[in-house]
>>> print(open('structure-v8.cif').read())   # mmCIF, C-alpha atoms
data_protein
#
loop_
_atom_site.group_PDB
_atom_site.id
_atom_site.type_symbol
_atom_site.label_atom_id
_atom_site.label_comp_id
_atom_site.auth_asym_id
_atom_site.auth_seq_id
_atom_site.Cartn_x
_atom_site.Cartn_y
_atom_site.Cartn_z
ATOM 1 C CA MET M 1 -28.476 8.988 17.029
ATOM 2 C CA THR M 2 -27.807 6.143 19.472
ATOM 3 C CA LEU M 3 -25.035 6.494 22.035
ATOM 4 C CA THR M 4 -23.120 3.600 23.565
ATOM 5 C CA ARG M 5 -22.567 2.882 27.235
ATOM 6 C CA LYS M 6 -19.369 4.904 27.556
ATOM 7 C CA SER M 7 -19.517 8.390 29.023
ATOM 8 C CA LEU M 8 -22.401 10.313 27.486
ATOM 9 C CA ARG M 9 -20.590 13.538 28.186
ATOM 10 C CA GLN M 10 -17.505 12.399 26.291
ATOM 11 C CA GLN M 11 -19.492 11.098 23.339
ATOM 12 C CA ILE M 12 -21.626 14.196 23.039
ATOM 13 C CA LYS M 13 -18.547 16.429 23.302
ATOM 14 C CA GLU M 14 -16.797 14.405 20.590
ATOM 15 C CA ILE M 15 -19.813 14.541 18.252
ATOM 16 C CA LEU M 16 -20.394 18.262 18.760
ATOM 17 C CA LEU M 17 -16.710 19.057 18.274
ATOM 18 C CA THR M 18 -16.624 16.975 15.088
ATOM 19 C CA ARG M 19 -19.634 18.861 13.763
ATOM 20 C CA ILE M 20 -17.969 22.183 14.553
ATOM 21 C CA LEU M 21 -14.709 21.158 12.887
ATOM 22 C CA GLN M 22 -16.460 19.813 9.803
ATOM 23 C CA GLY M 23 -18.580 22.935 9.416
ATOM 24 C CA GLU M 24 -21.955 21.375 10.177
ATOM 25 C CA TYR M 25 -22.222 23.910 12.983
ATOM 26 C CA ARG M 26 -21.117 27.349 11.826
ATOM 27 C CA PRO M 27 -19.690 30.181 13.953
ATOM 28 C CA GLY M 28 -22.564 31.925 15.690
ATOM 29 C CA ASP M 29 -24.912 28.934 15.533
ATOM 30 C CA ARG M 30 -26.841 28.334 18.739
ATOM 31 C CA LEU M 31 -26.353 25.025 20.557
ATOM 32 C CA ILE M 32 -29.613 24.438 22.376
ATOM 33 C CA GLU M 33 -29.337 22.016 25.293
ATOM 34 C CA LEU M 34 -32.875 20.662 25.077
ATOM 35 C CA GLN M 35 -32.700 20.134 21.336
ATOM 36 C CA ILE M 36 -29.387 18.286 21.555
ATOM 37 C CA ALA M 37 -30.602 16.194 24.481
ATOM 38 C CA GLN M 38 -33.701 15.176 22.524
ATOM 39 C CA GLU M 39 -31.565 14.213 19.516
ATOM 40 C CA PHE M 40 -29.407 11.898 21.633
ATOM 41 C CA GLY M 41 -32.256 10.653 23.806
ATOM 42 C CA THR M 42 -30.648 11.767 27.039
ATOM 43 C CA SER M 43 -31.157 14.334 29.772
ATOM 44 C CA GLN M 44 -29.819 17.855 29.488
ATOM 45 C CA ALA M 45 -27.150 17.270 32.174
ATOM 46 C CA PRO M 46 -24.501 15.537 29.987
ATOM 47 C CA VAL M 47 -25.219 18.029 27.200
ATOM 48 C CA ARG M 48 -24.652 20.927 29.583
ATOM 49 C CA GLU M 49 -21.389 19.361 30.805
ATOM 50 C CA SER M 50 -20.224 18.814 27.215
ATOM 51 C CA LEU M 51 -20.948 22.414 26.284
ATOM 52 C CA ARG M 52 -19.039 23.640 29.335
ATOM 53 C CA GLU M 53 -16.033 21.559 28.347
ATOM 54 C CA LEU M 54 -16.216 22.820 24.768
ATOM 55 C CA GLU M 55 -16.345 26.357 26.128
ATOM 56 C CA ALA M 56 -13.263 25.686 28.250
ATOM 57 C CA LEU M 57 -11.532 24.380 25.126
ATOM 58 C CA GLY M 58 -12.408 27.529 23.210
ATOM 59 C CA PHE M 59 -14.921 26.167 20.684
ATOM 60 C CA VAL M 60 -18.122 27.403 22.312
ATOM 61 C CA GLU M 61 -18.997 30.671 24.012
ATOM 62 C CA SER M 62 -21.850 31.430 26.370
ATOM 63 C CA VAL M 63 -23.831 34.557 25.600
ATOM 64 C CA PRO M 64 -25.874 36.009 28.497
ATOM 65 C CA TYR M 65 -29.593 35.268 28.069
ATOM 66 C CA ARG M 66 -28.904 33.563 24.728
ATOM 67 C CA GLY M 67 -27.169 30.344 25.727
ATOM 68 C CA ALA M 68 -24.263 28.645 23.992
ATOM 69 C CA ARG M 69 -23.034 29.506 20.515
ATOM 70 C CA VAL M 70 -20.262 28.182 18.299
ATOM 71 C CA ARG M 71 -17.185 30.366 18.601
ATOM 72 C CA ALA M 72 -15.296 31.356 15.463
ATOM 73 C CA VAL M 73 -11.876 29.649 15.547
ATOM 74 C CA SER M 74 -9.431 30.004 12.661
ATOM 75 C CA GLN M 75 -7.150 27.253 11.410
ATOM 76 C CA GLN M 76 -4.242 29.555 12.240
ATOM 77 C CA GLU M 77 -5.364 29.732 15.843
ATOM 78 C CA LEU M 78 -5.669 25.952 15.981
ATOM 79 C CA ALA M 79 -2.199 25.475 14.523
ATOM 80 C CA GLU M 80 -0.364 28.002 16.689
ATOM 81 C CA VAL M 81 0.045 25.563 19.568
ATOM 82 C CA TYR M 82 1.942 22.928 17.572
ATOM 83 C CA PRO M 83 5.409 24.550 17.388
ATOM 84 C CA VAL M 84 5.181 25.338 21.112
ATOM 85 C CA ARG M 85 4.122 21.801 21.941
ATOM 86 C CA ALA M 86 6.807 20.354 19.645
ATOM 87 C CA ALA M 87 9.565 22.260 21.431
ATOM 88 C CA ILE M 88 8.257 21.299 24.870
ATOM 89 C CA GLU M 89 7.907 17.613 24.050
ATOM 90 C CA GLU M 90 11.360 17.475 22.472
ATOM 91 C CA VAL M 91 12.868 18.677 25.741
ATOM 92 C CA ALA M 92 10.679 16.238 27.681
ATOM 93 C CA ALA M 93 11.692 13.240 25.565
ATOM 94 C CA ARG M 94 15.399 14.003 25.913
ATOM 95 C CA ALA M 95 15.125 13.926 29.695
ATOM 96 C CA ALA M 96 12.627 11.067 29.791
ATOM 97 C CA ALA M 97 14.969 8.780 27.868
ATOM 98 C CA ALA M 98 17.410 8.816 30.768
ATOM 99 C CA ASN M 99 14.774 8.713 33.500
ATOM 100 C CA LEU M 100 12.846 5.800 32.002
ATOM 101 C CA ALA M 101 16.006 3.690 31.729
ATOM 102 C CA GLY M 102 14.443 1.574 29.001
ATOM 103 C CA GLU M 103 11.269 0.836 30.987
ATOM 104 C CA VAL M 104 8.653 1.608 28.327
ATOM 105 C CA GLY M 105 5.944 -0.910 29.231
ATOM 106 C CA ALA M 106 3.412 1.812 30.012
ATOM 107 C CA LEU M 107 4.041 3.430 26.631
ATOM 108 C CA GLU M 108 3.651 0.066 24.889
ATOM 109 C CA ALA M 109 0.342 -0.395 26.692
ATOM 110 C CA GLU M 110 -0.937 2.927 25.361
ATOM 111 C CA ILE M 111 -0.052 1.982 21.776
ATOM 112 C CA ALA M 112 -1.845 -1.355 22.243
ATOM 113 C CA ALA M 113 -4.849 0.513 23.645
ATOM 114 C CA MET M 114 -4.842 2.804 20.588
ATOM 115 C CA HIS M 115 -5.032 -0.274 18.358
ATOM 116 C CA ARG M 116 -7.930 -1.705 20.394
ATOM 117 C CA ALA M 117 -9.778 1.590 20.139
ATOM 118 C CA ALA M 118 -9.136 1.586 16.374
ATOM 119 C CA ASP M 119 -10.629 -1.913 16.152
ATOM 120 C CA ASP M 120 -13.684 -0.666 18.053
ATOM 121 C CA GLY M 121 -14.011 2.461 15.935
ATOM 122 C CA ASP M 122 -13.804 4.466 19.163
ATOM 123 C CA LEU M 123 -12.219 7.769 18.168
ATOM 124 C CA TYR M 124 -12.455 9.356 21.580
ATOM 125 C CA ALA M 125 -10.789 6.392 23.326
ATOM 126 C CA GLN M 126 -7.984 6.401 20.784
ATOM 127 C CA VAL M 127 -7.402 10.109 21.338
ATOM 128 C CA CYS M 128 -7.344 9.582 25.113
ATOM 129 C CA HIS M 129 -4.659 6.884 24.795
ATOM 130 C CA ASP M 130 -2.754 8.988 22.274
ATOM 131 C CA VAL M 131 -2.680 11.871 24.757
ATOM 132 C CA ALA M 132 -1.774 9.465 27.574
ATOM 133 C CA PHE M 133 1.270 8.295 25.572
ATOM 134 C CA HIS M 134 2.537 11.861 25.314
ATOM 135 C CA ARG M 135 1.627 12.613 28.928
ATOM 136 C CA LEU M 136 3.714 9.682 30.167
ATOM 137 C CA ILE M 137 6.752 11.099 28.386
ATOM 138 C CA VAL M 138 6.149 14.594 29.740
ATOM 139 C CA GLU M 139 5.707 13.252 33.268
ATOM 140 C CA ALA M 140 8.850 11.128 32.960
ATOM 141 C CA CYS M 141 10.972 14.197 32.238
ATOM 142 C CA GLY M 142 10.626 15.291 35.865
ATOM 143 C CA ASN M 143 10.305 19.002 35.068
ATOM 144 C CA ARG M 144 7.255 20.435 36.830
ATOM 145 C CA VAL M 145 7.254 23.753 34.995
ATOM 146 C CA LEU M 146 7.365 21.977 31.661
ATOM 147 C CA GLN M 147 4.522 19.715 32.774
ATOM 148 C CA GLU M 148 2.358 22.673 33.785
ATOM 149 C CA VAL M 149 2.918 24.447 30.480
ATOM 150 C CA TRP M 150 2.140 21.241 28.557
ATOM 151 C CA ARG M 151 -1.136 20.761 30.432
ATOM 152 C CA SER M 152 -2.154 24.339 29.614
ATOM 153 C CA LEU M 153 -2.050 23.617 25.862
ATOM 154 C CA ARG M 154 -5.372 21.725 25.751
ATOM 155 C CA ILE M 155 -3.666 18.675 24.297
ATOM 156 C CA GLU M 156 -6.767 16.476 24.246
ATOM 157 C CA ALA M 157 -8.726 18.936 22.120
ATOM 158 C CA ARG M 158 -5.818 19.597 19.773
ATOM 159 C CA THR M 159 -5.229 15.878 19.268
ATOM 160 C CA LEU M 160 -8.886 15.278 18.498
ATOM 161 C CA ILE M 161 -8.760 18.186 16.047
ATOM 162 C CA SER M 162 -5.719 16.663 14.346
ATOM 163 C CA VAL M 163 -7.371 13.266 13.987
ATOM 164 C CA VAL M 164 -10.636 14.682 12.659
ATOM 165 C CA LYS M 165 -8.949 17.131 10.304
ATOM 166 C CA THR M 166 -6.335 14.796 8.881
ATOM 167 C CA GLU M 167 -8.393 11.583 8.709
ATOM 168 C CA ILE M 168 -5.322 9.394 9.232
ATOM 169 C CA GLU M 169 -6.061 5.659 9.321
ATOM 170 C CA PRO M 170 -6.424 4.785 13.035
ATOM 171 C CA HIS M 171 -3.985 1.863 13.148
ATOM 172 C CA HIS M 172 -1.397 3.884 11.237
ATOM 173 C CA LEU M 173 -1.879 6.683 13.739
ATOM 174 C CA ALA M 174 -1.097 4.274 16.575
ATOM 175 C CA GLU M 175 2.030 2.971 14.843
ATOM 176 C CA MET M 176 3.322 6.494 14.262
ATOM 177 C CA HIS M 177 4.218 6.480 17.968
ATOM 178 C CA ARG M 178 6.361 3.332 17.830
ATOM 179 C CA PRO M 179 9.656 4.890 16.617
ATOM 180 C CA ILE M 180 9.474 7.290 19.560
ATOM 181 C CA LEU M 181 8.923 4.378 21.931
ATOM 182 C CA GLU M 182 11.884 2.458 20.486
ATOM 183 C CA ALA M 183 14.180 5.473 20.832
ATOM 184 C CA LEU M 184 13.138 5.785 24.475
ATOM 185 C CA ARG M 185 13.655 2.054 25.000
ATOM 186 C CA ALA M 186 17.190 2.466 23.673
ATOM 187 C CA GLY M 187 17.769 5.445 25.965
ATOM 188 C CA ASP M 188 18.573 7.667 22.998
ATOM 189 C CA GLY M 189 17.392 11.055 24.221
ATOM 190 C CA PRO M 190 18.432 13.143 21.199
ATOM 191 C CA LEU M 191 16.723 10.724 18.792
ATOM 192 C CA ALA M 192 13.581 10.463 20.926
ATOM 193 C CA GLY M 193 13.381 14.236 21.153
ATOM 194 C CA ARG M 194 13.880 14.707 17.437
ATOM 195 C CA LEU M 195 11.281 12.067 16.527
ATOM 196 C CA LEU M 196 8.729 13.457 18.960
ATOM 197 C CA ARG M 197 9.237 16.986 17.686
ATOM 198 C CA GLN M 198 8.779 15.824 14.083
ATOM 199 C CA HIS M 199 5.663 13.878 15.097
ATOM 200 C CA VAL M 200 3.984 16.934 16.607
ATOM 201 C CA GLU M 201 5.100 19.286 13.830
ATOM 202 C CA PHE M 202 3.728 16.871 11.222
ATOM 203 C CA PHE M 203 0.212 17.242 12.601
ATOM 204 C CA GLY M 204 0.572 20.989 12.897
ATOM 205 C CA GLU M 205 1.491 21.180 9.215
ATOM 206 C CA LEU M 206 -1.511 19.052 8.262
ATOM 207 C CA VAL M 207 -3.873 21.275 10.217
ATOM 208 C CA LEU M 208 -2.454 24.354 8.488
ATOM 209 C CA LYS M 209 -2.758 22.715 5.074
ATOM 210 C CA GLY M 210 -6.433 22.174 5.792
ATOM 211 C CA GLU M 211 -6.836 25.947 5.945
ATOM 212 C CA HIS M 212 -5.616 26.333 2.371
ATOM 213 C CA ALA M 213 -7.171 23.210 0.838
#
>>> encode(input="structure-v8.cif", output="structure tokens")
Amino acid sequence: MTLTRKSLRQQIKEILLTRILQGEYRPGDRLIELQIAQEFGTSQAPVRESLRELEALGFVESVPYRGARVRAVSQQELAEVYPVRAAIEEVAARAAAANLAGEVGALEAEIAAMHRAADDGDLYAQVCHDVAFHRLIVEACGNRVLQEVWRSLRIEARTLISVVKTEIEPHHLAEMHRPILEALRAGDGPLAGRLLRQHVEFFGELVLKGEHA
């Protein structure tokens, strides 16, 4: 497989995570650095970094003297974060609507970047801009405790999981954020909070449905 010029670590992490989520790598399977590096035609360093990040995200575990293995993760475990995240982001959006005072240019830029990534077929870039859109809202709320809890939820990994699991058309995914942006532009905190909560809960429901499909 040929990798592009963007971060090898990010690409390898994305590919390995996709394989785990799609069942190509099963729980307990070994992930051998040298073998993966040879497949991608790279050194072992970016592979090692990718595996460490996947371990931090809970998808890989290191076994002493045996190396990295795929960790068993249930759909239920993956979905548990969504109601927590939905509640947190609803509170954030309500406060952000007042604090932003209609200045939503940065949010518009993230939606535009999602569309560009969709045009390029760059899943990882789209996920990064998706997460950045939500992060901007959380940061705009001005509540440090809320921000710390949000960061602890491994949003990047969960968003990538949602995209891979649900297979939503990339441009549609980008546009799903626009009603939230327009509510924030209008300074309507209750509406922005409600829309953002529904947005997050929607993906949580899709992930859970995947368990029973």
>>> resolve_selection(input="structure-v8.cif", expression="the PyMOL selection byres ((chain M and resi 160) around 9)", output="list in words")
Glu14, Leu17, Thr18, Leu123, Tyr124, Val127, Cys128, Ile155, Glu156, Ala157, Arg158, Thr159, Ile161, Ser162, Val163, Val164 and Lys165 of chain M
>>> residues_around(input="structure-v8.cif", residues="M:Ala174", least_positions_apart="6", cutoff="7 Å", atoms="all atoms listed in the file", output="number ranges by chain")
M: 111, 114-115
>>> resolve_selection(input="structure-v8.cif", expression="the PyMOL selection byres ((chain M and resi 184) around 10)", output="PyMOL selection string")
chain M and resi 93-104+107+137+178-183+185-193
>>> residues_around(input="structure-v8.cif", residues="M:Phe133", least_positions_apart="3", cutoff="6 Å", atoms="only C-alpha atoms", output="PyMOL selection string")
chain M and resi 107+110+130+136
>>> atom_distance(input="structure-v8.cif", atom1="atom CA of M:Glu108", atom2="atom CA of M:Glu175")
10.6 Å
>>> resolve_selection(input="structure-v8.cif", expression="the PyMOL selection byres ((chain M and resi 55) around 12)", output="MDAnalysis selection string")
chainID M and resid 13 16:17 31 48:54 56:63 67:73 154 157
>>> atom_distance(input="structure-v8.cif", atom1="atom CA of M:His171", atom2="atom CA of M:Asp119")
8.2 Å
>>> closest_residue(input="structure-v8.cif", among="M:Ile20, M:Ile12, M:Ala118, M:Val145", to="M:Ala37", atoms="only C-alpha atoms")
M:Ile12
>>> atom_distance(input="structure-v8.cif", atom1="atom CA of M:Asn143", atom2="atom CA of M:Val207")
28.7 Å
>>> axis_aligned_box(input="structure-v8.cif", around="stretch 16-21 of chain M", padding_each_side="6 Å", output="JSON")
{"center_x": -17.6, "center_y": 19.6, "center_z": 15.8, "size_x": 17.7, "size_y": 17.2, "size_z": 17.9}
